[in-house]
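Working notes, beginning with the structure itself.
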Amino acid sequence: MPAAKNVLLIVVDQWRGLMLPKLGADYLKLPNLDRLCAEGVTFRNHFTQCVPCGPARASLMTGMYMMNHRAVQNTIPLDSRFTNLAHELRRGGYDPALVGYTTTTPDPRKTAPNDPRFFVLGDIMDGFHSVGAFENRDAYFGWVASQGFKLPDIREDIWRPQGASIGGATAQPAVIPKELSDTAWFTERGLSYLQGRAGRPWFLHLGYYRPHPPFIASEPYNTMYKPEDMPKPVRAASPAEEARQNALLAYYVNHINQASFFQDGHALGSAMTEAEVAQMRATYCGLMSEIDDHLGRVFDYLEKTGQWDDTLIVFTCDHGEQSGDHHLLGKIGYFDESYRIPMIIRDPRQEANGTRGTIVEKFTETVDTTPTILEWLGLPIPRQVDGRSLLPFVEGEAPSDWRTEVHYEYDFRDVHYSKPESSLGVPMDKCGLAVVQDENFKYVHFAALPPLFFDLKADPGQFVNRATDPAYATRMGEYAAKMLNWRLGFAERTLTGYRATPKGLEVRAA
């Protein structure tokens with residue numbers, strides 16, 4: 001049986017990494033996350049390894065880079081031969097509970113083709129015990145109806161604005177009241193689970209849908225922030241100028257529709273004015289504050305029940321959000337806004353007392369999450385894991401051999417709701433890009449498109465591609481070599497530590 005240790009893994013959706021007051025976003029009102037930062041360690045340069053939801057969550061839960069787990073897009077299956085955090089927790093005696101979703105498509109070699117999980121965007125990763133699934137939203141909408149709220153004929157229309165529709169970013173409140181919001185429902189499911197544990201050790205993945213679109217908030221969160229207080233978008237003077245940088249960027253500038261981000265949206269995302277972007281961002285912040293209020297409920301419960309000092313709390317996200325930067329909406333392509341995500345770790349042990357309230361500047365990645373949790377619980381870390389535990393940073397002993405750059409990947413093959421592969425005429429298995437980035441430079445390698453190279457000190461907004469500039473040729477070659485070394489060093493290795501010898505099977509961990 002496991003020791004009396006609890007883990008609360010909070011996974012929000014589409015939350016930009018620097019949008020925490022602790023990291024300088026002082027326009028945000030997040031008192032409960034402020035508290036978590038004050039009692040824990042905050043990671044400034046934490047990146048997801050891939051986007052969108054399905055690939056990002058696969059990396060989070062398997063500890064593997066996308067080049068190894070190969071669940072490269074939403075709707076693409078995750079190979080069942082890989083273990084994951086839930087399976088490893090079960091080996092350690094935990095029954096890992098999940099509120100929310102993981103956007104996982106099962107392995108079709110071991111799943112019947114008429115399985116309902118193949119008819120949705122994704123389902124729950126194998127090994128988790130769902131206590132509040134949101135993948136098809138039936139449980140949430142059923143709860144809303146059970147509270148006496150009359151659902152519209154199109155049930156998602158609860159996320160339309162009250163009153164007259166303006167077709168996009170709005171300060172109008174959502175039809176659904178805050179008491180019945182999806183954020184409220186996730187919290188209720190999480191608290192119900194915790195109340196049922198009756199003092200027994202637990203692991204809870206507490207997922208939240210927000211601040212994922214639709215970008216509309218219930219009262220009072222719809223007007224909590226003023227558009228004029230929002231940071232200005234980082235973008236070229238026009239969508240046409242932005243699109244000249246790269247063919248993939250041009251596709252998204254010219255094809256992302258506001259309808260994917262607003263229940264009543266129309267026109268292209270790139271057509272949004274600065275005022276519309278500011279309003280969208282104000283609503284986005286309101287959705288963050290709603291989550292913060294509900295996290296306060298969870299934190300208060302843990303304190304009231306005496307579990308605050310027995311619980312590891314990890315707050316993180318699957319991916320970021322462009323939010324109008326580079327004339328884009330969503331999580332796509334190769335810009336930092338899609339990949340930098342929040343990471344806060346609050347370790348209750350005495351070993352962490354010396355680092356409370358600190359900020360880690362080193363590059364960390366979403367693949368580090370699973371080994372961090374497993375090490376904290378004293379459980380083995382599978383060899384498939386590409387990440388490293390972050391506990392040394394929490395204990396004030398930063399490793400001398402820590403990574404000096406971050407790597408992330410994106411696959412833009414066709415899925416049913418987006419067709420860049422067909423539009424660009426790129427073969428399916430060549431629809432990939434990989435990025436290596438440090439504090440000075442960023443190299444973007446495409447399998448079938450010209451590369452990009454950015455001088456981040458001179459051009460932090462990443463508008464000027466230096467890939468064809470002779471003055472940067474040597475430097476770009478160095479970063480291409482870094483990427484090749486990374487790929488060689490992290491090639492899938494689940495079984496490469498085993499070998500046959502005259503004395504029998506030998507096992508090497510590294």
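Letters A, B, ... go to the chains of the structure tokens in the order shown; residues in each chain start at 1; ligands are counted from 1 in the same order.
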
Neighbouring residues of Ala271 (chain A) were defined as those with any atom within 10 Å, considering only C-alpha atoms; residues of the same chain fewer than 5 positions away were excluded. Please report them as a PDB file with C-alpha atoms, in the first residue's frame.
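As a result, around_27.pdb now contains:
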ATOM      1  CA  SER A 238      -1.573  43.315 -41.598  1.00  0.00           C
ATOM      2  CA  PRO A 239      -2.569  39.669 -42.027  1.00  0.00           C
ATOM      3  CA  VAL A 253      -3.901  33.343 -41.225  1.00  0.00           C
ATOM      4  CA  ASN A 254      -6.285  32.734 -44.126  1.00  0.00           C
ATOM      5  CA  ILE A 256      -8.860  30.093 -38.983  1.00  0.00           C
ATOM      6  CA  ASN A 257     -12.466  31.111 -38.412  1.00  0.00           C
ATOM      7  CA  GLN A 258     -13.827  32.948 -35.403  1.00  0.00           C
ATOM      8  CA  HIS A 266     -18.155  34.792 -37.978  1.00  0.00           C
ATOM      9  CA  GLU A 276     -11.932  42.976 -30.699  1.00  0.00           C
ATOM     10  CA  VAL A 277      -8.716  41.256 -29.647  1.00  0.00           C
ATOM     11  CA  GLY A 324      -4.515  37.380 -31.649  1.00  0.00           C
ATOM     12  CA  HIS A 327      -3.066  37.376 -36.411  1.00  0.00           C
ATOM     13  CA  LEU A 328      -3.780  33.867 -35.091  1.00  0.00           C
TER      14      LEU A 328
END

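Of the residues in region 91-190 of chain A, those that DSSP places in strand (DSSP E) on the basis of the backbone are Ala97, Leu98, Val99, Gly100, His129, Ser130, Val131, Gly132 and Ala133 of chain A.
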
### Message
So that I can see what lies close to region 55-59 of chain A, please list as a PyMOL selection string the residues with an atom at most 8 Å from it, counting only C-alpha atoms and leaving out residues fewer than 3 positions away in the same chain.
### Response
chain A and resi 48-52+62-66+69-74+78+102-104+318-319+366-367

Would you mind listing what lies within 12 Å of region 483-491 of chain A as a tab-separated table (two decimals) with C-alpha atoms, in the first residue's frame, with only C-alpha atoms counted and same-chain residues fewer than 6 positions away left out?
chain	number	residue	atom	x	y	z
A	63	GLY	CA	6.57	11.65	-20.24
A	64	MET	CA	7.48	11.12	-23.91
A	65	TYR	CA	8.31	13.45	-26.76
A	66	MET	CA	5.85	13.40	-29.63
A	67	MET	CA	8.48	11.95	-31.95
A	68	ASN	CA	8.30	8.85	-29.73
A	69	HIS	CA	4.65	8.47	-28.69
A	70	ARG	CA	3.43	9.54	-32.19
A	383	ARG	CA	12.70	4.03	-19.12
A	384	GLN	CA	10.36	5.30	-21.86
A	385	VAL	CA	10.17	8.67	-20.06
A	386	ASP	CA	12.06	11.43	-21.87
A	387	GLY	CA	11.63	14.07	-19.16
A	403	ARG	CA	18.95	21.18	-20.47
A	404	THR	CA	20.05	24.49	-22.00
A	405	GLU	CA	17.27	24.72	-24.58
A	406	VAL	CA	13.71	23.61	-25.14
A	407	HIS	CA	12.38	21.41	-27.95
A	408	TYR	CA	8.85	21.22	-29.28
A	409	GLU	CA	7.05	19.75	-32.28
A	433	LEU	CA	8.07	20.70	-37.85
A	434	ALA	CA	10.43	20.70	-34.89
A	435	VAL	CA	11.79	23.63	-32.90
A	436	VAL	CA	14.92	24.10	-30.82
A	437	GLN	CA	14.98	27.33	-28.84
A	438	ASP	CA	17.07	28.95	-26.13
A	442	LYS	CA	15.10	29.77	-32.37
A	443	TYR	CA	15.41	27.27	-35.22
A	444	VAL	CA	12.32	25.80	-36.88
A	445	HIS	CA	12.92	22.77	-39.10
A	446	PHE	CA	10.23	21.55	-41.50
A	476	MET	CA	21.78	28.18	-37.83
A	477	GLY	CA	23.94	25.16	-38.57
A	510	ALA	CA	21.08	4.39	-18.68

### DSSP helix (DSSP H, G or I) selection over region 3-195 of chain A, as an MDAnalysis selection string
chainID A and resid 21:23 31:39 53:62 66:69 85:91 116:119 138:146 155:159 178:180 182:195

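Of the residues listed (A:Phe453, A:Tyr27, A:Phe215, A:Trp308), A:Phe215 shows the shortest atom-to-atom separation from Gly167 (chain A); distances use only C-alpha atoms.
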
### Query
Which distance in Å separates CA of Leu191 (chain A) and CA of Arg349 (chain A), to one decimal?
23.4 Å

#### Entry: Minimum-distance residue to Glu321 (chain A), chosen among A:Ala471, A:Cys53, A:Leu268, A:Ala112 (using only C-alpha atoms)
A:Cys53

### Task
Pick out the residues sitting within 10 Å of Glu421 (chain A), and hand them over as a list of chain:residue names; count only C-alpha atoms, and ignore anything fewer than 5 positions along from it in its own chain.
A:Leu248, A:Tyr251, A:Asp411, A:Phe412, A:Arg413, A:Asp414, A:Val415, A:Val426, A:Pro427, A:Met428, A:Asp429, A:Lys430, A:Cys431

Keeping only C-alpha atoms, write the selected residues as a PDB file, in the first residue's frame.
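Written output follows (selection_16.pdb):
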ATOM      1  CA  LEU A 248       1.981  27.165 -43.073  1.00  0.00           C
ATOM      2  CA  TYR A 251      -2.642  28.871 -44.355  1.00  0.00           C
ATOM      3  CA  ASP A 411       2.240  17.973 -36.937  1.00  0.00           C
ATOM      4  CA  PHE A 412      -0.132  19.673 -39.395  1.00  0.00           C
ATOM      5  CA  ARG A 413      -1.564  16.701 -41.266  1.00  0.00           C
ATOM      6  CA  ASP A 414      -5.254  16.864 -42.207  1.00  0.00           C
ATOM      7  CA  VAL A 415      -7.863  16.127 -39.562  1.00  0.00           C
ATOM      8  CA  VAL A 426       2.608  18.234 -48.519  1.00  0.00           C
ATOM      9  CA  PRO A 427       2.684  14.412 -48.084  1.00  0.00           C
ATOM     10  CA  MET A 428       0.993  13.314 -44.857  1.00  0.00           C
ATOM     11  CA  ASP A 429       4.123  11.960 -43.204  1.00  0.00           C
ATOM     12  CA  LYS A 430       6.091  15.091 -44.122  1.00  0.00           C
ATOM     13  CA  CYS A 431       3.647  17.416 -42.318  1.00  0.00           C
TER      14      CYS A 431
END

### Message
Need to verify the contact set: Pro342 (chain A), 9 Å, only C-alpha atoms, exclusion of same-chain residues closer than 5 positions in sequence. Can you return it as number ranges by chain?
### Response
A: 15-20, 42-47, 315-317, 319-320

### Separation of CA of Leu180 (chain A) from CA of Gly163 (chain A) in Å
18.6 Å

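In terms of minimum interatomic distance to Ala139 (chain A), A:Arg189 ranks closest within A:Gly40, A:Ala171, A:Arg189, A:Pro106, counting only C-alpha atoms.
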